[in-house]
>>> print(open('target_29.txt').read())   # compact mmCIF, N, CA and C atoms
# COMPACT_ATOMS: atom_id res chain seq x y z
N GLN K 878 7.93 32.20 15.60
CA GLN K 878 9.07 31.49 16.12
C GLN K 878 8.71 30.05 16.48
N LEU K 879 7.52 29.88 17.00
CA LEU K 879 7.08 28.54 17.39
C LEU K 879 6.98 27.63 16.17
N ILE K 880 6.56 28.19 15.05
CA ILE K 880 6.47 27.40 13.81
C ILE K 880 7.86 26.97 13.36
N ILE K 881 8.84 27.86 13.44
CA ILE K 881 10.21 27.53 13.05
C ILE K 881 10.76 26.41 13.94
N VAL K 882 10.51 26.46 15.22
CA VAL K 882 10.97 25.42 16.15
C VAL K 882 10.35 24.08 15.78
N PHE K 883 9.06 24.06 15.49
CA PHE K 883 8.39 22.81 15.10
C PHE K 883 8.95 22.27 13.78
N LEU K 884 9.20 23.16 12.82
CA LEU K 884 9.76 22.73 11.55
C LEU K 884 11.16 22.14 11.73
N LEU K 885 12.00 22.83 12.48
CA LEU K 885 13.35 22.32 12.72
C LEU K 885 13.32 21.00 13.48
N THR K 886 12.46 20.88 14.45
CA THR K 886 12.33 19.64 15.21
C THR K 886 11.88 18.52 14.29
N GLY K 887 10.95 18.79 13.41
CA GLY K 887 10.47 17.79 12.46
C GLY K 887 11.56 17.35 11.49
N ILE K 888 12.33 18.31 11.00
CA ILE K 888 13.42 17.99 10.07
C ILE K 888 14.48 17.15 10.77
N LEU K 889 14.87 17.56 11.97
CA LEU K 889 15.88 16.79 12.71
C LEU K 889 15.38 15.38 13.03
N PHE K 890 14.11 15.26 13.40
CA PHE K 890 13.54 13.95 13.68
C PHE K 890 13.54 13.09 12.43
N SER K 891 13.21 13.67 11.29
CA SER K 891 13.20 12.95 10.02
C SER K 891 14.59 12.46 9.65
N ILE K 892 15.59 13.32 9.84
CA ILE K 892 16.97 12.94 9.54
C ILE K 892 17.42 11.80 10.47
N ALA K 893 17.12 11.92 11.74
CA ALA K 893 17.50 10.88 12.71
C ALA K 893 16.81 9.55 12.39
N LEU K 894 15.54 9.62 12.05
CA LEU K 894 14.80 8.40 11.72
C LEU K 894 15.38 7.74 10.48
N ARG K 895 15.71 8.50 9.45
CA ARG K 895 16.33 7.96 8.24
C ARG K 895 17.66 7.28 8.56
N TRP K 896 18.45 7.92 9.40
CA TRP K 896 19.75 7.37 9.77
C TRP K 896 19.59 6.04 10.50
N VAL K 897 18.64 5.98 11.43
CA VAL K 897 18.40 4.73 12.18
C VAL K 897 17.93 3.63 11.25
N LEU K 898 17.02 3.93 10.36
CA LEU K 898 16.50 2.93 9.43
C LEU K 898 17.59 2.44 8.48
N ASN K 899 18.39 3.35 7.96
CA ASN K 899 19.47 2.96 7.04
C ASN K 899 20.53 2.13 7.74
N SER K 900 20.92 2.51 8.95
CA SER K 900 21.97 1.76 9.64
C SER K 900 21.47 0.39 10.08
N SER K 901 20.19 0.23 10.33
CA SER K 901 19.68 -1.08 10.74
C SER K 901 19.54 -2.03 9.56
N GLN K 902 19.58 -1.50 8.33
CA GLN K 902 19.45 -2.34 7.15
C GLN K 902 20.80 -2.79 6.60
N GLN K 903 21.89 -2.35 7.22
CA GLN K 903 23.19 -2.78 6.76
C GLN K 903 23.35 -4.28 7.02
N LYS K 904 24.05 -4.92 6.11
CA LYS K 904 24.24 -6.36 6.24
C LYS K 904 25.17 -6.65 7.42
N PRO K 905 24.87 -7.72 8.16
CA PRO K 905 25.76 -8.09 9.25
C PRO K 905 27.09 -8.58 8.70
N MET K 906 28.11 -8.61 9.54
CA MET K 906 29.43 -9.08 9.11
C MET K 906 29.30 -10.50 8.57
N ASN K 907 29.92 -10.72 7.44
CA ASN K 907 29.84 -12.00 6.76
C ASN K 907 30.71 -13.02 7.48
N ILE K 908 30.10 -13.97 8.18
CA ILE K 908 30.83 -14.98 8.92
C ILE K 908 30.84 -16.26 8.09
N MET K 909 32.02 -16.82 7.94
CA MET K 909 32.19 -18.01 7.11
C MET K 909 31.60 -19.24 7.77
N THR K 910 30.88 -20.01 6.99
CA THR K 910 30.49 -21.35 7.37
C THR K 910 30.84 -22.25 6.20
N PHE K 911 31.28 -23.46 6.51
CA PHE K 911 31.64 -24.38 5.44
C PHE K 911 30.38 -24.90 4.75
N PRO K 912 30.42 -25.02 3.43
CA PRO K 912 29.28 -25.61 2.72
C PRO K 912 29.05 -27.04 3.21
N ALA K 913 27.80 -27.44 3.27
CA ALA K 913 27.45 -28.77 3.78
C ALA K 913 28.09 -29.87 2.94
N ASN K 914 28.31 -29.62 1.66
CA ASN K 914 28.83 -30.65 0.76
C ASN K 914 30.35 -30.57 0.56
N ILE K 915 31.06 -29.96 1.49
CA ILE K 915 32.50 -29.77 1.30
C ILE K 915 33.26 -31.09 1.26
N ASP K 916 32.80 -32.09 1.98
CA ASP K 916 33.52 -33.36 2.04
C ASP K 916 33.09 -34.36 0.97
N LEU K 917 32.10 -34.00 0.16
CA LEU K 917 31.66 -34.90 -0.90
C LEU K 917 32.63 -34.84 -2.07
N GLU K 918 32.63 -35.88 -2.88
CA GLU K 918 33.46 -35.88 -4.09
C GLU K 918 32.94 -34.79 -5.03
N PRO K 919 33.84 -34.08 -5.68
CA PRO K 919 33.40 -32.99 -6.57
C PRO K 919 32.75 -33.53 -7.84
N THR K 920 31.83 -32.76 -8.35
CA THR K 920 31.22 -33.08 -9.63
C THR K 920 32.11 -32.56 -10.75
N ALA K 921 31.88 -33.02 -11.95
CA ALA K 921 32.63 -32.53 -13.11
C ALA K 921 32.40 -31.03 -13.28
N GLU K 922 31.19 -30.58 -13.01
CA GLU K 922 30.86 -29.16 -13.12
C GLU K 922 31.65 -28.34 -12.11
N GLN K 923 31.77 -28.81 -10.86
CA GLN K 923 32.54 -28.09 -9.85
C GLN K 923 34.02 -27.99 -10.25
N LEU K 924 34.56 -29.09 -10.77
CA LEU K 924 35.96 -29.08 -11.18
C LEU K 924 36.18 -28.11 -12.33
N TYR K 925 35.25 -28.09 -13.26
CA TYR K 925 35.36 -27.18 -14.40
C TYR K 925 35.34 -25.73 -13.93
N TYR K 926 34.32 -25.36 -13.12
CA TYR K 926 34.21 -23.98 -12.66
C TYR K 926 35.34 -23.62 -11.71
N GLY K 927 35.82 -24.58 -10.94
CA GLY K 927 36.97 -24.33 -10.08
C GLY K 927 38.19 -23.97 -10.90
N LYS K 928 38.39 -24.67 -12.01
CA LYS K 928 39.52 -24.39 -12.89
C LYS K 928 39.38 -23.00 -13.50
N VAL K 929 38.18 -22.66 -13.92
CA VAL K 929 37.92 -21.34 -14.52
C VAL K 929 38.18 -20.24 -13.49
N HIS K 930 37.60 -20.38 -12.30
CA HIS K 930 37.80 -19.37 -11.25
C HIS K 930 39.28 -19.26 -10.90
N TYR K 931 39.96 -20.40 -10.80
CA TYR K 931 41.38 -20.38 -10.47
C TYR K 931 42.17 -19.60 -11.53
N LYS K 932 41.93 -19.90 -12.79
CA LYS K 932 42.67 -19.22 -13.85
C LYS K 932 42.43 -17.71 -13.83
N ILE K 933 41.19 -17.30 -13.58
CA ILE K 933 40.84 -15.88 -13.60
C ILE K 933 41.37 -15.17 -12.36
N ARG K 934 41.21 -15.77 -11.19
CA ARG K 934 41.47 -15.06 -9.95
C ARG K 934 42.79 -15.41 -9.26
N CYS K 935 43.31 -16.60 -9.49
CA CYS K 935 44.44 -17.08 -8.68
C CYS K 935 45.75 -17.24 -9.44
N SER K 936 45.65 -17.58 -10.72
CA SER K 936 46.86 -17.95 -11.46
C SER K 936 47.86 -16.81 -11.63
N LYS K 937 47.40 -15.58 -11.56
CA LYS K 937 48.31 -14.44 -11.71
C LYS K 937 49.40 -14.49 -10.64
N CYS K 938 49.02 -14.86 -9.42
CA CYS K 938 50.00 -14.92 -8.34
C CYS K 938 50.54 -16.33 -8.11
N HIS K 939 49.69 -17.32 -8.29
CA HIS K 939 50.05 -18.69 -7.92
C HIS K 939 50.51 -19.55 -9.08
N GLY K 940 50.44 -19.04 -10.28
CA GLY K 940 50.86 -19.82 -11.43
C GLY K 940 49.73 -20.73 -11.91
N ILE K 941 49.82 -21.13 -13.14
CA ILE K 941 48.75 -21.91 -13.76
C ILE K 941 48.64 -23.31 -13.16
N ASN K 942 49.75 -23.88 -12.67
CA ASN K 942 49.73 -25.23 -12.10
C ASN K 942 50.06 -25.22 -10.62
N PHE K 943 49.63 -24.21 -9.89
CA PHE K 943 49.85 -24.08 -8.44
C PHE K 943 51.32 -24.20 -8.09
N SER K 944 52.17 -23.71 -8.95
CA SER K 944 53.62 -23.72 -8.74
C SER K 944 54.22 -25.11 -8.81
N ALA K 945 53.52 -26.03 -9.38
CA ALA K 945 54.06 -27.38 -9.51
C ALA K 945 55.32 -27.38 -10.36
N ASN K 946 55.37 -26.46 -11.31
CA ASN K 946 56.53 -26.36 -12.18
C ASN K 946 57.36 -25.12 -11.84
N ASN K 947 57.26 -24.71 -10.59
CA ASN K 947 57.99 -23.52 -10.12
C ASN K 947 57.68 -22.29 -10.95
N ASP K 948 56.42 -22.14 -11.37
CA ASP K 948 56.05 -20.98 -12.17
C ASP K 948 55.51 -19.83 -11.32
N SER K 949 55.71 -19.89 -10.01
CA SER K 949 55.24 -18.82 -9.16
C SER K 949 56.06 -18.76 -7.88
N ALA K 950 56.14 -17.57 -7.33
CA ALA K 950 56.83 -17.40 -6.04
C ALA K 950 55.89 -17.64 -4.87
N PHE K 951 54.62 -17.91 -5.16
CA PHE K 951 53.62 -18.09 -4.11
C PHE K 951 52.96 -19.47 -4.22
N PRO K 952 53.64 -20.51 -3.77
CA PRO K 952 53.08 -21.85 -3.91
C PRO K 952 51.84 -22.05 -3.04
N ILE K 953 51.00 -22.99 -3.44
CA ILE K 953 49.81 -23.35 -2.69
C ILE K 953 50.04 -24.74 -2.11
N GLN K 954 49.78 -24.88 -0.83
CA GLN K 954 49.91 -26.19 -0.21
C GLN K 954 48.63 -26.97 -0.43
N THR K 955 48.57 -27.66 -1.56
CA THR K 955 47.34 -28.38 -1.92
C THR K 955 47.13 -29.61 -1.04
N THR K 956 48.08 -29.93 -0.18
CA THR K 956 47.90 -31.06 0.74
C THR K 956 47.09 -30.66 1.96
N LYS K 957 46.82 -29.39 2.14
CA LYS K 957 45.99 -28.94 3.27
C LYS K 957 44.58 -29.52 3.11
N SER K 958 43.85 -29.55 4.22
CA SER K 958 42.48 -30.06 4.17
C SER K 958 41.60 -29.11 3.35
N LYS K 959 40.46 -29.62 2.90
CA LYS K 959 39.53 -28.78 2.15
C LYS K 959 39.06 -27.61 3.01
N GLN K 960 38.83 -27.87 4.30
CA GLN K 960 38.38 -26.81 5.20
C GLN K 960 39.45 -25.72 5.34
N ALA K 961 40.72 -26.13 5.43
CA ALA K 961 41.81 -25.16 5.57
C ALA K 961 41.94 -24.31 4.30
N LEU K 962 41.87 -24.95 3.14
CA LEU K 962 41.95 -24.22 1.87
C LEU K 962 40.77 -23.27 1.73
N TYR K 963 39.58 -23.75 2.06
CA TYR K 963 38.38 -22.92 1.97
C TYR K 963 38.53 -21.68 2.85
N SER K 964 39.00 -21.87 4.07
CA SER K 964 39.17 -20.77 5.01
C SER K 964 40.20 -19.77 4.50
N ILE K 965 41.30 -20.25 3.93
CA ILE K 965 42.33 -19.36 3.40
C ILE K 965 41.78 -18.55 2.23
N ILE K 966 41.06 -19.19 1.34
CA ILE K 966 40.49 -18.47 0.20
C ILE K 966 39.44 -17.47 0.69
N TYR K 967 38.65 -17.86 1.66
CA TYR K 967 37.59 -17.00 2.18
C TYR K 967 38.15 -15.77 2.88
N TYR K 968 39.06 -15.98 3.84
CA TYR K 968 39.57 -14.88 4.66
C TYR K 968 40.87 -14.27 4.14
N GLY K 969 41.64 -15.01 3.36
CA GLY K 969 42.97 -14.55 2.97
C GLY K 969 43.97 -14.88 4.07
N ILE K 970 45.18 -14.37 3.91
CA ILE K 970 46.21 -14.59 4.92
C ILE K 970 46.69 -13.22 5.36
N HIS K 971 46.52 -12.94 6.63
CA HIS K 971 46.83 -11.64 7.22
C HIS K 971 48.29 -11.25 6.95
N ASN K 972 48.50 -9.99 6.65
CA ASN K 972 49.83 -9.41 6.40
C ASN K 972 50.54 -10.02 5.19
N THR K 973 49.77 -10.48 4.22
CA THR K 973 50.34 -10.97 2.97
C THR K 973 49.54 -10.38 1.82
N ASN K 974 49.95 -10.70 0.60
CA ASN K 974 49.19 -10.26 -0.57
C ASN K 974 47.97 -11.14 -0.83
N MET K 975 47.82 -12.22 -0.07
CA MET K 975 46.68 -13.12 -0.25
C MET K 975 45.47 -12.51 0.45
N LYS K 976 44.65 -11.86 -0.36
CA LYS K 976 43.44 -11.23 0.17
C LYS K 976 42.29 -12.23 0.12
N GLY K 977 41.35 -12.07 1.01
CA GLY K 977 40.21 -12.97 1.06
C GLY K 977 39.21 -12.70 -0.05
N TRP K 978 38.57 -13.78 -0.50
CA TRP K 978 37.56 -13.69 -1.55
C TRP K 978 36.15 -13.90 -1.01
N GLY K 979 36.01 -13.99 0.31
CA GLY K 979 34.72 -14.31 0.91
C GLY K 979 33.60 -13.34 0.62
N LYS K 980 33.93 -12.08 0.43
CA LYS K 980 32.90 -11.09 0.14
C LYS K 980 32.70 -10.89 -1.34
N LYS K 981 33.55 -11.52 -2.16
CA LYS K 981 33.48 -11.32 -3.60
C LYS K 981 32.96 -12.55 -4.34
N LEU K 982 33.14 -13.72 -3.76
CA LEU K 982 32.72 -14.96 -4.41
C LEU K 982 31.63 -15.65 -3.61
N GLN K 983 30.79 -16.37 -4.30
CA GLN K 983 29.77 -17.17 -3.66
C GLN K 983 30.43 -18.40 -3.02
N PRO K 984 29.84 -18.96 -1.96
CA PRO K 984 30.43 -20.15 -1.33
C PRO K 984 30.68 -21.29 -2.31
N GLN K 985 29.76 -21.50 -3.26
CA GLN K 985 29.94 -22.60 -4.21
C GLN K 985 31.12 -22.35 -5.14
N ASP K 986 31.45 -21.08 -5.39
CA ASP K 986 32.61 -20.75 -6.22
C ASP K 986 33.92 -21.02 -5.47
N ILE K 987 33.95 -20.66 -4.19
CA ILE K 987 35.13 -20.95 -3.37
C ILE K 987 35.31 -22.46 -3.25
N LEU K 988 34.20 -23.17 -3.04
CA LEU K 988 34.28 -24.63 -2.95
C LEU K 988 34.78 -25.24 -4.25
N ALA K 989 34.35 -24.70 -5.37
CA ALA K 989 34.82 -25.19 -6.67
C ALA K 989 36.33 -25.01 -6.80
N ILE K 990 36.85 -23.88 -6.34
CA ILE K 990 38.30 -23.66 -6.37
C ILE K 990 39.00 -24.67 -5.48
N VAL K 991 38.45 -24.91 -4.30
CA VAL K 991 39.04 -25.90 -3.38
C VAL K 991 39.08 -27.27 -4.05
N HIS K 992 37.99 -27.68 -4.67
CA HIS K 992 37.95 -28.98 -5.35
C HIS K 992 39.00 -29.03 -6.46
N HIS K 993 39.14 -27.93 -7.19
CA HIS K 993 40.14 -27.88 -8.26
C HIS K 993 41.54 -28.05 -7.67
N LEU K 994 41.83 -27.34 -6.58
CA LEU K 994 43.15 -27.46 -5.95
C LEU K 994 43.40 -28.88 -5.46
N LYS K 995 42.39 -29.48 -4.84
CA LYS K 995 42.56 -30.85 -4.32
C LYS K 995 42.69 -31.86 -5.46
N SER K 996 42.09 -31.58 -6.60
CA SER K 996 42.19 -32.52 -7.72
C SER K 996 43.61 -32.57 -8.25
N PHE K 997 44.39 -31.53 -8.03
CA PHE K 997 45.77 -31.50 -8.48
C PHE K 997 46.58 -32.59 -7.79
N ASN K 998 46.33 -32.83 -6.50
CA ASN K 998 47.03 -33.89 -5.77
C ASN K 998 46.73 -35.24 -6.38
N LYS K 999 45.48 -35.46 -6.79
CA LYS K 999 45.10 -36.74 -7.39
C LYS K 999 45.79 -36.92 -8.74
N GLU K 1000 45.89 -35.83 -9.51
CA GLU K 1000 46.56 -35.90 -10.81
C GLU K 1000 48.04 -36.22 -10.65
N LYS K 1001 48.69 -35.66 -9.62
CA LYS K 1001 50.11 -35.94 -9.38
C LYS K 1001 50.33 -37.38 -8.98
N ALA K 1002 49.34 -37.98 -8.30
CA ALA K 1002 49.50 -39.36 -7.81
C ALA K 1002 49.46 -40.35 -8.96
N HIS K 1003 48.83 -39.97 -10.07
CA HIS K 1003 48.70 -40.91 -11.20
C HIS K 1003 49.82 -40.79 -12.18
>>> encode(input="target_29.txt", output="structure tokens")
Amino acid sequence: QLIIVFLLTGILFSIALRWVLNSSQQKPMNIMTFPANIDLEPTAEQLYYGKVHYKIRCSKCHGINFSANNDSAFPIQTTKSKQALYSIIYYGIHNTNMKGWGKKLQPQDILAIVHHLKSFNKEKAH
């Protein structure tokens, strides 16, 4: 009987130790920080990848031209600051269909989308 008690104690200790080790290795909650280069002028590469990401991930709901031609029921306020747009893309908008992309996209990809959105205002001005 003493051997059975030692075996069960060892098994339970092993299970508990595995659980503690696994739970301590979980990633902490992903907290948004703005990229250091958010206020810099975008590169041609950022604009290109922003356009690609937008077409793949955003245009289904927001239209190909951010509803400039009323091609979507979900317009984007491209006049918002880069930080505001970045935050919206990262977290989404609570109680809407706009889900956050912060856990699915890299910061540089979100920034590229922001630059693409902001470039639309410049195109309209010309």
>>> residues_around(input="target_29.txt", residues="Trp978 of chain K", least_positions_apart="5", cutoff="9 Å", atoms="only C-alpha atoms", output="PyMOL selection string")
chain K and resi 965-969+983+987
>>> select_by_dssp(input="target_29.txt", residues="segment 904-990 of chain K", states="alpha helix (DSSP H)", output="PyMOL selection string")
chain K and resi 921-930+936-939+959-968+984-990
>>> write_last_selection(input="target_29.txt", atoms="N, CA and C atoms", output="PDB file, keeping the file's coordinate frame")
ATOM      1  N   ALA K 921      31.880 -33.020 -11.950  1.00  0.00           N
ATOM      2  CA  ALA K 921      32.630 -32.530 -13.110  1.00  0.00           C
ATOM      3  C   ALA K 921      32.400 -31.030 -13.280  1.00  0.00           C
ATOM      4  N   GLU K 922      31.190 -30.580 -13.010  1.00  0.00           N
ATOM      5  CA  GLU K 922      30.860 -29.160 -13.120  1.00  0.00           C
ATOM      6  C   GLU K 922      31.650 -28.340 -12.110  1.00  0.00           C
ATOM      7  N   GLN K 923      31.770 -28.810 -10.860  1.00  0.00           N
ATOM      8  CA  GLN K 923      32.540 -28.090  -9.850  1.00  0.00           C
ATOM      9  C   GLN K 923      34.020 -27.990 -10.250  1.00  0.00           C
ATOM     10  N   LEU K 924      34.560 -29.090 -10.770  1.00  0.00           N
ATOM     11  CA  LEU K 924      35.960 -29.080 -11.180  1.00  0.00           C
ATOM     12  C   LEU K 924      36.180 -28.110 -12.330  1.00  0.00           C
ATOM     13  N   TYR K 925      35.250 -28.090 -13.260  1.00  0.00           N
ATOM     14  CA  TYR K 925      35.360 -27.180 -14.400  1.00  0.00           C
ATOM     15  C   TYR K 925      35.340 -25.730 -13.930  1.00  0.00           C
ATOM     16  N   TYR K 926      34.320 -25.360 -13.120  1.00  0.00           N
ATOM     17  CA  TYR K 926      34.210 -23.980 -12.660  1.00  0.00           C
ATOM     18  C   TYR K 926      35.340 -23.620 -11.710  1.00  0.00           C
ATOM     19  N   GLY K 927      35.820 -24.580 -10.940  1.00  0.00           N
ATOM     20  CA  GLY K 927      36.970 -24.330 -10.080  1.00  0.00           C
ATOM     21  C   GLY K 927      38.190 -23.970 -10.900  1.00  0.00           C
ATOM     22  N   LYS K 928      38.390 -24.670 -12.010  1.00  0.00           N
ATOM     23  CA  LYS K 928      39.520 -24.390 -12.890  1.00  0.00           C
ATOM     24  C   LYS K 928      39.380 -23.000 -13.500  1.00  0.00           C
ATOM     25  N   VAL K 929      38.180 -22.660 -13.920  1.00  0.00           N
ATOM     26  CA  VAL K 929      37.920 -21.340 -14.520  1.00  0.00           C
ATOM     27  C   VAL K 929      38.180 -20.240 -13.490  1.00  0.00           C
ATOM     28  N   HIS K 930      37.600 -20.380 -12.300  1.00  0.00           N
ATOM     29  CA  HIS K 930      37.800 -19.370 -11.250  1.00  0.00           C
ATOM     30  C   HIS K 930      39.280 -19.260 -10.900  1.00  0.00           C
ATOM     31  N   SER K 936      45.650 -17.580 -10.720  1.00  0.00           N
ATOM     32  CA  SER K 936      46.860 -17.950 -11.460  1.00  0.00           C
ATOM     33  C   SER K 936      47.860 -16.810 -11.630  1.00  0.00           C
ATOM     34  N   LYS K 937      47.400 -15.580 -11.560  1.00  0.00           N
ATOM     35  CA  LYS K 937      48.310 -14.440 -11.710  1.00  0.00           C
ATOM     36  C   LYS K 937      49.400 -14.490 -10.640  1.00  0.00           C
ATOM     37  N   CYS K 938      49.020 -14.860  -9.420  1.00  0.00           N
ATOM     38  CA  CYS K 938      50.000 -14.920  -8.340  1.00  0.00           C
ATOM     39  C   CYS K 938      50.540 -16.330  -8.110  1.00  0.00           C
ATOM     40  N   HIS K 939      49.690 -17.320  -8.290  1.00  0.00           N
ATOM     41  CA  HIS K 939      50.050 -18.690  -7.920  1.00  0.00           C
ATOM     42  C   HIS K 939      50.510 -19.550  -9.080  1.00  0.00           C
ATOM     43  N   LYS K 959      40.460 -29.620   2.900  1.00  0.00           N
ATOM     44  CA  LYS K 959      39.530 -28.780   2.150  1.00  0.00           C
ATOM     45  C   LYS K 959      39.060 -27.610   3.010  1.00  0.00           C
ATOM     46  N   GLN K 960      38.830 -27.870   4.300  1.00  0.00           N
ATOM     47  CA  GLN K 960      38.380 -26.810   5.200  1.00  0.00           C
ATOM     48  C   GLN K 960      39.450 -25.720   5.340  1.00  0.00           C
ATOM     49  N   ALA K 961      40.720 -26.130   5.430  1.00  0.00           N
ATOM     50  CA  ALA K 961      41.810 -25.160   5.570  1.00  0.00           C
ATOM     51  C   ALA K 961      41.940 -24.310   4.300  1.00  0.00           C
ATOM     52  N   LEU K 962      41.870 -24.950   3.140  1.00  0.00           N
ATOM     53  CA  LEU K 962      41.950 -24.220   1.870  1.00  0.00           C
ATOM     54  C   LEU K 962      40.770 -23.270   1.730  1.00  0.00           C
ATOM     55  N   TYR K 963      39.580 -23.750   2.060  1.00  0.00           N
ATOM     56  CA  TYR K 963      38.380 -22.920   1.970  1.00  0.00           C
ATOM     57  C   TYR K 963      38.530 -21.680   2.850  1.00  0.00           C
ATOM     58  N   SER K 964      39.000 -21.870   4.070  1.00  0.00           N
ATOM     59  CA  SER K 964      39.170 -20.770   5.010  1.00  0.00           C
ATOM     60  C   SER K 964      40.200 -19.770   4.500  1.00  0.00           C
ATOM     61  N   ILE K 965      41.300 -20.250   3.930  1.00  0.00           N
ATOM     62  CA  ILE K 965      42.330 -19.360   3.400  1.00  0.00           C
ATOM     63  C   ILE K 965      41.780 -18.550   2.230  1.00  0.00           C
ATOM     64  N   ILE K 966      41.060 -19.190   1.340  1.00  0.00           N
ATOM     65  CA  ILE K 966      40.490 -18.470   0.200  1.00  0.00           C
ATOM     66  C   ILE K 966      39.440 -17.470   0.690  1.00  0.00           C
ATOM     67  N   TYR K 967      38.650 -17.860   1.660  1.00  0.00           N
ATOM     68  CA  TYR K 967      37.590 -17.000   2.180  1.00  0.00           C
ATOM     69  C   TYR K 967      38.150 -15.770   2.880  1.00  0.00           C
ATOM     70  N   TYR K 968      39.060 -15.980   3.840  1.00  0.00           N
ATOM     71  CA  TYR K 968      39.570 -14.880   4.660  1.00  0.00           C
ATOM     72  C   TYR K 968      40.870 -14.270   4.140  1.00  0.00           C
ATOM     73  N   PRO K 984      29.840 -18.960  -1.960  1.00  0.00           N
ATOM     74  CA  PRO K 984      30.430 -20.150  -1.330  1.00  0.00           C
ATOM     75  C   PRO K 984      30.680 -21.290  -2.310  1.00  0.00           C
ATOM     76  N   GLN K 985      29.760 -21.500  -3.260  1.00  0.00           N
ATOM     77  CA  GLN K 985      29.940 -22.600  -4.210  1.00  0.00           C
ATOM     78  C   GLN K 985      31.120 -22.350  -5.140  1.00  0.00           C
ATOM     79  N   ASP K 986      31.450 -21.080  -5.390  1.00  0.00           N
ATOM     80  CA  ASP K 986      32.610 -20.750  -6.220  1.00  0.00           C
ATOM     81  C   ASP K 986      33.920 -21.020  -5.470  1.00  0.00           C
ATOM     82  N   ILE K 987      33.950 -20.660  -4.190  1.00  0.00           N
ATOM     83  CA  ILE K 987      35.130 -20.950  -3.370  1.00  0.00           C
ATOM     84  C   ILE K 987      35.310 -22.460  -3.250  1.00  0.00           C
ATOM     85  N   LEU K 988      34.200 -23.170  -3.040  1.00  0.00           N
ATOM     86  CA  LEU K 988      34.280 -24.630  -2.950  1.00  0.00           C
ATOM     87  C   LEU K 988      34.780 -25.240  -4.250  1.00  0.00           C
ATOM     88  N   ALA K 989      34.350 -24.700  -5.370  1.00  0.00           N
ATOM     89  CA  ALA K 989      34.820 -25.190  -6.670  1.00  0.00           C
ATOM     90  C   ALA K 989      36.330 -25.010  -6.800  1.00  0.00           C
ATOM     91  N   ILE K 990      36.850 -23.880  -6.340  1.00  0.00           N
ATOM     92  CA  ILE K 990      38.300 -23.660  -6.370  1.00  0.00           C
ATOM     93  C   ILE K 990      39.000 -24.670  -5.480  1.00  0.00           C
TER      94      ILE K 990
END
>>> closest_residue(input="target_29.txt", among="K:Gln878, K:Thr886, K:Glu922, K:Phe951", to="Thr973 of chain K", atoms="only C-alpha atoms")
K:Phe951
>>> closest_residue(input="target_29.txt", among="K:Ile880, K:Lys995, K:Ala989, K:Thr956", to="Val929 of chain K", atoms="only N, CA and C atoms")
K:Ala989
>>> residues_around(input="target_29.txt", residues="Tyr925 of chain K", least_positions_apart="3", cutoff="12 Å", atoms="only C-alpha atoms", output="ChimeraX atom specification")
/K:919-922,928-932,986,988-994,996
>>> atom_distance(input="target_29.txt", atom1="atom CA of Met909 of chain K", atom2="atom CA of Lys957 of chain K")
18.0 Å
>>> atom_distance(input="target_29.txt", atom1="atom N of Pro952 of chain K", atom2="atom N of Ala913 of chain K")
27.7 Å
>>> atom_distance(input="target_29.txt", atom1="atom CA of Pro984 of chain K", atom2="atom CA of Ser936 of chain K")
19.4 Å
